[in-house]
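Content type PDB, C-alpha atoms, from the file upload32.pdb:
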ATOM      1  CA  MET A  63      14.157  17.892   0.343
ATOM      2  CA  ILE A  64      12.586  15.466  -2.124
ATOM      3  CA  VAL A  65      10.381  16.360  -5.088
ATOM      4  CA  ALA A  66       8.190  13.572  -6.466
ATOM      5  CA  LEU A  67       6.454  13.556  -9.858
ATOM      6  CA  THR A  68       3.340  11.455  -9.690
ATOM      7  CA  GLY A  69      -0.105  10.508 -10.884
ATOM      8  CA  GLY A  70      -2.303   7.423 -10.807
ATOM      9  CA  VAL A  71      -2.635   4.712  -8.181
ATOM     10  CA  GLY A  72       0.958   3.423  -8.163
ATOM     11  CA  GLY A  73       2.386   6.910  -7.900
ATOM     12  CA  ALA A  74      -0.017   7.766  -5.087
ATOM     13  CA  LYS A  75       1.057   4.682  -3.117
ATOM     14  CA  LEU A  76       4.721   5.655  -3.296
ATOM     15  CA  ALA A  77       3.821   9.235  -2.342
ATOM     16  CA  TRP A  78       2.091   7.812   0.755
ATOM     17  CA  GLY A  79       5.227   5.834   1.610
ATOM     18  CA  LEU A  80       7.477   8.869   1.217
ATOM     19  CA  ASN A  81       5.127  10.869   3.420
ATOM     20  CA  GLN A  82       5.470   8.280   6.179
ATOM     21  CA  ILE A  83       9.242   8.587   6.469
ATOM     22  CA  LEU A  84       9.942  12.218   5.612
ATOM     23  CA  PRO A  85       9.200  15.335   7.679
ATOM     24  CA  PRO A  86       6.278  17.175   6.024
ATOM     25  CA  ASP A  87       8.384  20.158   4.975
ATOM     26  CA  ARG A  88      10.861  17.885   3.158
ATOM     27  CA  LEU A  89       8.374  16.295   0.710
ATOM     28  CA  LYS A  90       6.998  18.158  -2.315
ATOM     29  CA  ILE A  91       4.634  16.320  -4.664
ATOM     30  CA  ILE A  92       3.899  17.464  -8.218
ATOM     31  CA  VAL A  93       0.725  15.893  -9.629
ATOM     32  CA  ASN A  94      -0.379  15.354 -13.204
ATOM     33  CA  THR A  95      -3.455  17.307 -14.342
ATOM     34  CA  GLY A  96      -3.475  16.114 -17.951
ATOM     35  CA  ASP A  97      -6.457  13.876 -17.170
ATOM     36  CA  ASP A  98      -8.548  16.743 -15.727
ATOM     37  CA  PHE A  99     -11.831  17.260 -17.536
ATOM     38  CA  GLU A 100     -15.297  18.755 -17.187
ATOM     39  CA  HIS A 101     -18.145  16.339 -16.587
ATOM     40  CA  MET A 102     -21.737  17.488 -16.149
ATOM     41  CA  GLY A 103     -20.449  21.008 -15.465
ATOM     42  CA  LEU A 104     -17.975  19.859 -12.790
ATOM     43  CA  HIS A 105     -14.193  20.203 -12.893
ATOM     44  CA  ILE A 106     -12.786  16.731 -12.187
ATOM     45  CA  SER A 107      -9.106  16.313 -11.227
ATOM     46  CA  PRO A 108      -8.734  12.513 -10.927
ATOM     47  CA  ASP A 109      -4.981  12.236 -10.297
ATOM     48  CA  LEU A 110      -4.895  15.158  -7.883
ATOM     49  CA  ASP A 111      -7.742  13.649  -5.883
ATOM     50  CA  THR A 112      -6.231  10.145  -5.919
ATOM     51  CA  VAL A 113      -2.951  11.452  -4.523
ATOM     52  CA  MET A 114      -4.634  13.609  -1.867
ATOM     53  CA  TYR A 115      -7.025  10.849  -0.772
ATOM     54  CA  THR A 116      -4.185   8.316  -0.616
ATOM     55  CA  VAL A 117      -1.745  10.493   1.321
ATOM     56  CA  ALA A 118      -4.569  11.481   3.690
ATOM     57  CA  GLY A 119      -5.324   7.797   4.322
ATOM     58  CA  ILE A 120      -8.938   7.955   3.139
ATOM     59  CA  ALA A 121      -8.629   6.352  -0.315
ATOM     60  CA  ASN A 122     -10.622   3.294  -1.325
ATOM     61  CA  ARG A 123      -8.009   0.552  -1.009
ATOM     62  CA  ASN A 124      -9.942  -1.877  -3.205
ATOM     63  CA  THR A 125      -9.928   0.372  -6.264
ATOM     64  CA  GLY A 126      -7.024   2.693  -5.460
ATOM     65  CA  TRP A 127      -9.172   5.669  -6.429
ATOM     66  CA  GLY A 128     -12.130   7.365  -4.776
ATOM     67  CA  VAL A 129     -12.954   7.528  -1.081
ATOM     68  CA  ALA A 130     -13.206   4.635   1.379
ATOM     69  CA  ASP A 131     -16.684   3.538   2.497
ATOM     70  CA  GLU A 132     -18.202   5.392  -0.454
ATOM     71  CA  THR A 133     -21.925   5.396  -1.210
ATOM     72  CA  TRP A 134     -23.502   5.706  -4.662
ATOM     73  CA  GLU A 135     -26.942   7.249  -4.189
ATOM     74  CA  PHE A 136     -26.142  10.070  -6.618
ATOM     75  CA  MET A 137     -25.133   7.657  -9.393
ATOM     76  CA  GLY A 138     -28.250   5.586  -8.811
ATOM     77  CA  ALA A 139     -30.480   8.631  -9.114
ATOM     78  CA  LEU A 140     -28.540   9.825 -12.150
ATOM     79  CA  ASP A 141     -29.014   6.475 -13.863
ATOM     80  CA  ARG A 142     -32.757   6.477 -13.183
ATOM     81  CA  LEU A 143     -32.992   9.906 -14.804
ATOM     82  CA  GLY A 144     -31.072   8.781 -17.883
ATOM     83  CA  GLY A 145     -27.851  10.606 -17.059
ATOM     84  CA  PRO A 146     -24.299   9.627 -18.130
ATOM     85  CA  GLY A 147     -23.209   6.827 -15.848
ATOM     86  CA  TRP A 148     -19.933   5.897 -17.555
ATOM     87  CA  PHE A 149     -17.844   8.022 -15.149
ATOM     88  CA  GLN A 150     -18.505   7.015 -11.551
ATOM     89  CA  LEU A 151     -18.888   9.794  -8.987
ATOM     90  CA  GLY A 152     -19.348   8.610  -5.411
ATOM     91  CA  ASP A 153     -21.369  10.705  -2.988
ATOM     92  CA  ARG A 154     -18.389  11.715  -0.833
ATOM     93  CA  ASP A 155     -16.125  12.249  -3.818
ATOM     94  CA  LEU A 156     -18.811  14.408  -5.444
ATOM     95  CA  ALA A 157     -18.437  16.999  -2.693
ATOM     96  CA  MET A 158     -14.820  17.567  -3.773
ATOM     97  CA  HIS A 159     -15.794  18.211  -7.383
ATOM     98  CA  VAL A 160     -18.707  20.498  -6.555
ATOM     99  CA  LEU A 161     -16.660  22.633  -4.188
ATOM    100  CA  ARG A 162     -13.599  22.791  -6.472
ATOM    101  CA  THR A 163     -15.754  23.850  -9.425
ATOM    102  CA  ALA A 164     -17.446  26.604  -7.436
ATOM    103  CA  ARG A 165     -14.123  27.949  -6.164
ATOM    104  CA  LEU A 166     -12.534  27.894  -9.625
ATOM    105  CA  ARG A 167     -15.470  29.902 -10.964
ATOM    106  CA  GLN A 168     -14.929  32.408  -8.176
ATOM    107  CA  GLY A 169     -11.383  32.964  -9.426
ATOM    108  CA  GLU A 170      -9.315  30.767  -7.091
ATOM    109  CA  SER A 171      -6.455  28.774  -8.602
ATOM    110  CA  LEU A 172      -6.309  24.990  -8.716
ATOM    111  CA  ALA A 173      -3.101  25.066  -6.637
ATOM    112  CA  ASP A 174      -4.605  27.264  -3.910
ATOM    113  CA  ILE A 175      -7.669  25.034  -3.707
ATOM    114  CA  ALA A 176      -5.392  21.980  -3.398
ATOM    115  CA  ASP A 177      -3.455  23.692  -0.586
ATOM    116  CA  ASP A 178      -6.651  24.334   1.359
ATOM    117  CA  THR A 179      -7.952  20.828   0.712
ATOM    118  CA  CYS A 180      -4.699  19.285   1.961
ATOM    119  CA  ALA A 181      -4.885  21.365   5.143
ATOM    120  CA  ARG A 182      -8.472  20.239   5.763
ATOM    121  CA  LEU A 183      -7.538  16.591   5.155
ATOM    122  CA  GLY A 184      -4.622  16.819   7.600
ATOM    123  CA  ILE A 185      -1.915  16.473   4.943
ATOM    124  CA  GLY A 186       1.348  18.116   5.994
ATOM    125  CA  CYS A 187       3.426  17.776   2.831
ATOM    126  CA  ALA A 188       2.905  19.949  -0.238
ATOM    127  CA  ILE A 189       0.741  18.457  -3.004
ATOM    128  CA  THR A 190       0.570  20.754  -6.025
ATOM    129  CA  PRO A 191      -0.907  20.414  -9.511
ATOM    130  CA  MET A 192       1.740  20.651 -12.227
ATOM    131  CA  SER A 193       0.166  23.851 -13.540
ATOM    132  CA  ASP A 194      -2.816  26.117 -13.059
ATOM    133  CA  ASP A 195      -3.044  26.272 -16.855
ATOM    134  CA  PRO A 196      -5.072  23.598 -18.643
ATOM    135  CA  VAL A 197      -3.179  20.698 -20.210
ATOM    136  CA  ARG A 198      -5.241  17.898 -21.699
ATOM    137  CA  THR A 199      -3.954  14.456 -22.632
ATOM    138  CA  VAL A 200      -5.022  13.217 -26.070
ATOM    139  CA  VAL A 201      -4.595   9.521 -26.889
ATOM    140  CA  HIS A 202      -4.235   8.849 -30.617
ATOM    141  CA  THR A 203      -5.782   5.505 -31.508
ATOM    142  CA  THR A 204      -6.872   3.403 -34.453
ATOM    143  CA  ILE A 205     -10.369   4.894 -34.105
ATOM    144  CA  GLY A 206      -9.070   8.459 -33.933
ATOM    145  CA  PRO A 207      -7.880  10.859 -31.216
ATOM    146  CA  LEU A 208      -9.561  10.401 -27.841
ATOM    147  CA  ARG A 209      -9.584  12.588 -24.757
ATOM    148  CA  PHE A 210      -7.975  10.802 -21.848
ATOM    149  CA  GLN A 211     -11.158   9.913 -19.973
ATOM    150  CA  ASP A 212     -12.844   8.693 -23.163
ATOM    151  CA  TYR A 213      -9.917   6.330 -23.730
ATOM    152  CA  PHE A 214      -9.270   5.328 -20.135
ATOM    153  CA  VAL A 215     -12.756   5.087 -18.640
ATOM    154  CA  ARG A 216     -15.453   5.158 -21.317
ATOM    155  CA  ARG A 217     -13.590   2.818 -23.722
ATOM    156  CA  ARG A 218     -11.639   0.922 -21.017
ATOM    157  CA  CYS A 219      -8.280   1.393 -22.813
ATOM    158  CA  GLU A 220      -9.426  -0.967 -25.598
ATOM    159  CA  PRO A 221      -8.439   0.999 -28.762
ATOM    160  CA  CYS A 222      -4.909   0.456 -30.059
ATOM    161  CA  VAL A 223      -2.638   3.438 -29.294
ATOM    162  CA  SER A 224      -0.206   5.006 -31.763
ATOM    163  CA  ASP A 225       0.782   8.170 -29.900
ATOM    164  CA  VAL A 226      -0.032  10.431 -26.948
ATOM    165  CA  THR A 227       0.053  14.237 -27.065
ATOM    166  CA  TYR A 228      -0.595  16.931 -24.486
ATOM    167  CA  GLU A 229      -2.812  19.754 -25.653
ATOM    168  CA  GLY A 230      -1.793  23.083 -24.117
ATOM    169  CA  ALA A 231       1.483  21.766 -22.676
ATOM    170  CA  GLY A 232       3.595  23.948 -24.955
ATOM    171  CA  THR A 233       2.293  27.164 -23.403
ATOM    172  CA  ALA A 234       1.371  26.001 -19.890
ATOM    173  CA  ARG A 235       3.499  27.410 -17.078
ATOM    174  CA  PRO A 236       4.483  25.286 -14.115
ATOM    175  CA  HIS A 237       3.476  26.813 -10.798
ATOM    176  CA  SER A 238       6.143  29.197  -9.485
ATOM    177  CA  ARG A 239       6.527  27.178  -6.280
ATOM    178  CA  ILE A 240       7.492  24.120  -8.347
ATOM    179  CA  LEU A 241      10.280  26.038 -10.049
ATOM    180  CA  SER A 242      11.428  27.227  -6.615
ATOM    181  CA  TRP A 243      11.540  23.669  -5.267
ATOM    182  CA  LEU A 244      13.626  22.481  -8.216
ATOM    183  CA  ALA A 245      16.081  25.355  -7.733
ATOM    184  CA  ASP A 246      16.335  24.934  -3.955
ATOM    185  CA  SER A 247      19.835  24.086  -2.690
ATOM    186  CA  ARG A 248      18.270  21.596  -0.249
ATOM    187  CA  LEU A 249      16.859  19.464  -3.063
ATOM    188  CA  SER A 250      18.408  15.997  -2.755
ATOM    189  CA  ILE A 251      16.341  13.741  -5.061
ATOM    190  CA  ILE A 252      13.767  14.090  -7.836
ATOM    191  CA  VAL A 253      11.591  10.978  -7.883
ATOM    192  CA  PHE A 254       9.715   9.703 -10.946
ATOM    193  CA  CYS A 255       7.048   7.566  -9.281
ATOM    194  CA  PRO A 256       5.967   4.208 -10.792
ATOM    195  CA  SER A 257       3.246   5.934 -12.773
ATOM    196  CA  ASN A 258       2.275   5.436 -16.407
ATOM    197  CA  PRO A 259       5.057   7.237 -18.333
ATOM    198  CA  PHE A 260       2.657   8.403 -21.060
ATOM    199  CA  LEU A 261      -0.568   9.139 -19.173
ATOM    200  CA  SER A 262       0.639  10.232 -15.722
ATOM    201  CA  LEU A 263       4.182  11.595 -16.034
ATOM    202  CA  GLY A 264       4.044  12.458 -19.730
ATOM    203  CA  PRO A 265       1.892  15.581 -19.248
ATOM    204  CA  ILE A 266       4.232  16.862 -16.508
ATOM    205  CA  LEU A 267       7.290  16.385 -18.705
ATOM    206  CA  GLY A 268       5.335  17.678 -21.701
ATOM    207  CA  MET A 269       5.677  21.228 -20.392
ATOM    208  CA  PRO A 270       8.987  22.413 -21.910
ATOM    209  CA  GLU A 271       9.911  24.772 -19.078
ATOM    210  CA  LEU A 272       9.298  22.155 -16.409
ATOM    211  CA  LYS A 273      11.120  19.395 -18.286
ATOM    212  CA  ARG A 274      14.089  21.696 -18.879
ATOM    213  CA  THR A 275      14.199  22.715 -15.221
ATOM    214  CA  ILE A 276      14.094  19.079 -14.087
ATOM    215  CA  ALA A 277      16.836  18.126 -16.555
ATOM    216  CA  ASN A 278      19.059  20.975 -15.351
ATOM    217  CA  ALA A 279      18.495  20.340 -11.646
ATOM    218  CA  ARG A 280      21.649  19.153  -9.872
ATOM    219  CA  ALA A 281      19.809  16.631  -7.718
ATOM    220  CA  PRO A 282      19.834  13.016  -8.946
ATOM    221  CA  LYS A 283      16.690  11.853 -10.751
ATOM    222  CA  ILE A 284      15.473   8.438  -9.642
ATOM    223  CA  ALA A 285      12.708   6.666 -11.600
ATOM    224  CA  VAL A 286      10.815   3.621 -10.351
ATOM    225  CA  SER A 287       9.893   1.229 -13.149
ATOM    226  CA  PRO A 288       6.124   0.724 -13.523
ATOM    227  CA  ILE A 289       6.856  -2.507 -15.434
ATOM    228  CA  ILE A 290       7.690  -5.722 -13.552
ATOM    229  CA  ALA A 291       8.534  -8.938 -15.405
ATOM    230  CA  GLY A 292       7.129  -7.555 -18.647
ATOM    231  CA  ALA A 293       3.782  -6.481 -17.219
ATOM    232  CA  ALA A 294       2.198  -3.443 -15.608
ATOM    233  CA  VAL A 295       0.946  -3.806 -12.059
ATOM    234  CA  LYS A 296      -2.155  -1.757 -12.903
ATOM    235  CA  GLY A 297      -3.409   0.139 -15.924
ATOM    236  CA  PRO A 298      -2.493   0.134 -19.630
ATOM    237  CA  ALA A 299       1.235   0.996 -19.506
ATOM    238  CA  ALA A 300       2.379  -2.397 -20.860
ATOM    239  CA  LYS A 301      -0.337  -2.421 -23.531
ATOM    240  CA  MET A 302       0.612   1.072 -24.661
ATOM    241  CA  LEU A 303       4.339   0.298 -24.797
ATOM    242  CA  SER A 304       3.646  -2.716 -27.002
ATOM    243  CA  GLU A 305       1.243  -0.891 -29.322
ATOM    244  CA  MET A 306       3.687   1.991 -29.743
ATOM    245  CA  GLY A 307       6.464  -0.402 -30.749
ATOM    246  CA  LEU A 308       8.455  -0.092 -27.520
ATOM    247  CA  GLU A 309       9.900  -2.889 -25.425
ATOM    248  CA  VAL A 310       7.614  -3.919 -22.579
ATOM    249  CA  SER A 311      10.230  -4.146 -19.850
ATOM    250  CA  ALA A 312      12.235  -2.100 -17.398
ATOM    251  CA  LEU A 313      14.731  -1.675 -20.250
ATOM    252  CA  GLY A 314      11.986  -0.095 -22.338
ATOM    253  CA  ILE A 315      11.263   2.294 -19.467
ATOM    254  CA  ALA A 316      14.978   3.138 -19.220
ATOM    255  CA  ARG A 317      15.073   3.992 -22.915
ATOM    256  CA  HIS A 318      11.981   6.165 -22.527
ATOM    257  CA  TYR A 319      13.609   8.225 -19.750
ATOM    258  CA  LEU A 320      17.090   8.217 -21.275
ATOM    259  CA  GLY A 321      18.850  11.575 -20.908
ATOM    260  CA  LEU A 322      16.581  12.667 -18.089
ATOM    261  CA  VAL A 323      16.895  10.004 -15.371
ATOM    262  CA  ASP A 324      20.144   9.096 -13.588
ATOM    263  CA  CYS A 325      19.026   5.892 -11.878
ATOM    264  CA  LEU A 326      16.248   3.393 -12.541
ATOM    265  CA  LEU A 327      14.864   1.373  -9.653
ATOM    266  CA  VAL A 328      14.065  -2.071 -11.054
ATOM    267  CA  ASP A 329      12.261  -4.986  -9.461
ATOM    268  CA  GLU A 330      14.489  -7.824  -8.333
ATOM    269  CA  VAL A 331      12.878 -10.209 -10.834
ATOM    270  CA  ASP A 332      14.274  -8.005 -13.609
ATOM    271  CA  ALA A 333      17.844  -7.980 -12.306
ATOM    272  CA  HIS A 334      18.999  -9.635 -15.530
ATOM    273  CA  LEU A 335      18.177  -6.389 -17.372
ATOM    274  CA  ALA A 336      20.613  -4.356 -15.268
ATOM    275  CA  PRO A 337      23.631  -4.725 -17.601
ATOM    276  CA  ALA A 338      21.652  -3.535 -20.639
ATOM    277  CA  ILE A 339      20.251  -0.570 -18.703
ATOM    278  CA  GLU A 340      23.674   0.356 -17.350
ATOM    279  CA  ALA A 341      25.051   0.170 -20.895
ATOM    280  CA  LEU A 342      22.771   3.128 -21.663
ATOM    281  CA  GLY A 343      24.637   5.148 -19.030
ATOM    282  CA  MET A 344      21.942   4.834 -16.353
ATOM    283  CA  ARG A 345      22.527   3.449 -12.860
ATOM    284  CA  VAL A 346      20.360   0.568 -11.696
ATOM    285  CA  ALA A 347      19.096  -0.129  -8.196
ATOM    286  CA  LEU A 348      17.150  -3.265  -7.263
ATOM    287  CA  ALA A 349      14.182  -3.539  -4.904
ATOM    288  CA  PRO A 350      10.837  -5.294  -4.508
ATOM    289  CA  ILE A 351       8.627  -2.763  -6.319
ATOM    290  CA  LEU A 352       5.179  -4.326  -5.943
ATOM    291  CA  MET A 353       3.298  -2.487  -3.165
ATOM    292  CA  ARG A 354       0.728  -4.862  -1.695
ATOM    293  CA  SER A 355       0.839  -3.462   1.846
ATOM    294  CA  ASP A 356       1.689  -0.314   3.765
ATOM    295  CA  GLN A 357       4.982  -1.932   4.739
ATOM    296  CA  ASP A 358       5.773  -2.436   1.047
ATOM    297  CA  ARG A 359       5.114   1.247   0.349
ATOM    298  CA  VAL A 360       7.416   2.386   3.135
ATOM    299  CA  ARG A 361      10.096  -0.138   2.146
ATOM    300  CA  LEU A 362      10.066   1.075  -1.461
ATOM    301  CA  ALA A 363      10.129   4.726  -0.383
ATOM    302  CA  SER A 364      13.174   4.011   1.788
ATOM    303  CA  ARG A 365      14.911   2.250  -1.098
ATOM    304  CA  VAL A 366      14.235   5.227  -3.381
ATOM    305  CA  ILE A 367      15.883   7.560  -0.889
ATOM    306  CA  GLU A 368      18.841   5.219  -0.455
ATOM    307  CA  SER A 369      19.321   5.136  -4.235
ATOM    308  CA  GLY A 370      19.708   8.874  -4.511
ATOM    309  CA  PRO A 371      23.435   9.382  -3.919
ATOM    310  CA  SER A 372      25.544   8.217  -6.855
TER
END
Take the structure I supplied and represent it as structure tokens, if you would.
Amino acid sequence: MIVALTGGVGGAKLAWGLNQILPPDRLKIIVNTGDDFEHMGLHISPDLDTVMYTVAGIANRNTGWGVADETWEFMGALDRLGGPGWFQLGDRDLAMHVLRTARLRQGESLADIADDTCARLGIGCAITPMSDDPVRTVVHTTIGPLRFQDYFVRRRCEPCVSDVTYEGAGTARPHSRILSWLADSRLSIIVFCPSNPFLSLGPILGMPELKRTIANARAPKIAVSPIIAGAAVKGPAAKMLSEMGLEVSALGIARHYLGLVDCLLVDEVDAHLAPAIEALGMRVALAPILMRSDQDRVRLASRVIESGPS
């Protein structure tokens, strides 16, 4: 059994690849909810939706988020009425948010709603939010603290970042099924997907009980570097590393996960960093990490699995 920690577009792509080569009951996916927020009265779960849409094969491949063949009549009408257009809600995607919000208000949990959604989208593996309790990512910048979506979408990641914190993480409880997965004797690998370590995986690891359980799990922990040749494939990971005074490289990622990860999967172009990473006490595995095609996703997923045994 494999447990994957994920969030964002890169993490969702690797989750898709793992889902292609593993039996459904052998893959468990834990998704970041630190970027969840309420917008116009709707509960939005961007990472959860991105992972579900991607694994279901209905994601917009041009953007990596949202639904394929989306229409935007709602946003057009909203704009004409003077509504907030900074956060884009496609017509098909909107149905997810409306229904989730209604069910949450009726007392259902975020995890149970995700289970039902996965079943309706034909997803066989388990995709579970990291917690049913609210955790909210706060990005501390030169213009003050910003909620995740204000930083990421409204301000397009432009402000300089000094720190990232996770409001509510200290008291949030991971879902009981997650703790069961991590204690299961069948668990063979814990995968840290190539997601932003601060914005996507940071909230998951920001919950003390969950981080402690992951650290104590006997299964090897394999992280895939989101940095290739000193740059991020997508998103602000490289920018944030630089602004926070950290090295923008796979070595910088290794230092970030030091003490928690056993093996770092590094792109072949960064093979020269292997000795320095191994000097930290972390194994290194090499692979083409960039996922341009479905074949790339499956190839990387296979390499992750191969890298598990020490």
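Of the listed residues A:Ser304, A:Thr227, A:Ser238, A:Ser369, the one whose atoms come nearest to Ile284 in chain A is A:Ser369, with distances taken using all atoms listed in the file.
Proximity ranking of A:Arg209, A:His202, A:Arg142, A:His105 relative to Ala164 in chain A places A:His105 first, based on only C-alpha atoms.
Among the candidates A:Asp358, A:Asp195, A:Asp174, A:Asp212, the one nearest to Thr95 in chain A when counting all atoms listed in the file is A:Asp195.
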> Could you write out as a PyMOL selection string the residues that the PyMOL selection byres ((chain A and resi 125) around 12) matches in the shown file?
Replying inline: chain A and resi 70-72+112+116+121-124+126-132+296-297
Keeping C-alpha atoms for every residue in the selection just given, could you write it to a file as a PDB file, in the frame of the given file?
ATOM      1  CA  GLY A  70      -2.303   7.423 -10.807  1.00  0.00           C
ATOM      2  CA  VAL A  71      -2.635   4.712  -8.181  1.00  0.00           C
ATOM      3  CA  GLY A  72       0.958   3.423  -8.163  1.00  0.00           C
ATOM      4  CA  THR A 112      -6.231  10.145  -5.919  1.00  0.00           C
ATOM      5  CA  THR A 116      -4.185   8.316  -0.616  1.00  0.00           C
ATOM      6  CA  ALA A 121      -8.629   6.352  -0.315  1.00  0.00           C
ATOM      7  CA  ASN A 122     -10.622   3.294  -1.325  1.00  0.00           C
ATOM      8  CA  ARG A 123      -8.009   0.552  -1.009  1.00  0.00           C
ATOM      9  CA  ASN A 124      -9.942  -1.877  -3.205  1.00  0.00           C
ATOM     10  CA  GLY A 126      -7.024   2.693  -5.460  1.00  0.00           C
ATOM     11  CA  TRP A 127      -9.172   5.669  -6.429  1.00  0.00           C
ATOM     12  CA  GLY A 128     -12.130   7.365  -4.776  1.00  0.00           C
ATOM     13  CA  VAL A 129     -12.954   7.528  -1.081  1.00  0.00           C
ATOM     14  CA  ALA A 130     -13.206   4.635   1.379  1.00  0.00           C
ATOM     15  CA  ASP A 131     -16.684   3.538   2.497  1.00  0.00           C
ATOM     16  CA  GLU A 132     -18.202   5.392  -0.454  1.00  0.00           C
ATOM     17  CA  LYS A 296      -2.155  -1.757 -12.903  1.00  0.00           C
ATOM     18  CA  GLY A 297      -3.409   0.139 -15.924  1.00  0.00           C
TER      19      GLY A 297
END
> So which residues touch Gly343 in chain A within 12 Å, counting only C-alpha atoms, skipping near sequence neighbours fewer than 4 positions away, as a ChimeraX atom specification?
Replying inline: /A:316-317,319-326,336-339
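Residue nearest Ala188 in chain A within the list A:Arg274, A:Arg239, A:Arg167, A:His101: A:Arg239 [criterion: smallest interatomic distance, all atoms listed in the file].
If you count all atoms listed in the file and ignore residues fewer than 4 places along the chain from Ile92 in chain A, what sits within 10 Å of it is Val65, Ala66, Leu67, Thr68, Gly69, Leu110, Val113, Ala188, Ile189, Thr190, Pro191, Met192, Ser193, Pro236, His237, Ile240, Leu263 and Ile266 of chain A.
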>> Quick one: residues within 10 Å of Met158 in chain A, all atoms listed in the file, excluding same-chain residues fewer than 6 positions away - as a ChimeraX atom specification?
In response: /A:104-107,111,179
Emit the selected residues as a PDB file, in the coordinates of the input, including C-alpha atoms.
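again.pdb, written as the output of this step:
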ATOM      1  CA  LEU A 104     -17.975  19.859 -12.790  1.00  0.00           C
ATOM      2  CA  HIS A 105     -14.193  20.203 -12.893  1.00  0.00           C
ATOM      3  CA  ILE A 106     -12.786  16.731 -12.187  1.00  0.00           C
ATOM      4  CA  SER A 107      -9.106  16.313 -11.227  1.00  0.00           C
ATOM      5  CA  ASP A 111      -7.742  13.649  -5.883  1.00  0.00           C
ATOM      6  CA  THR A 179      -7.952  20.828   0.712  1.00  0.00           C
TER       7      THR A 179
END
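Take CA of Asn278 in chain A and CA of Ala245 in chain A: the distance between them is 9.3 Å.
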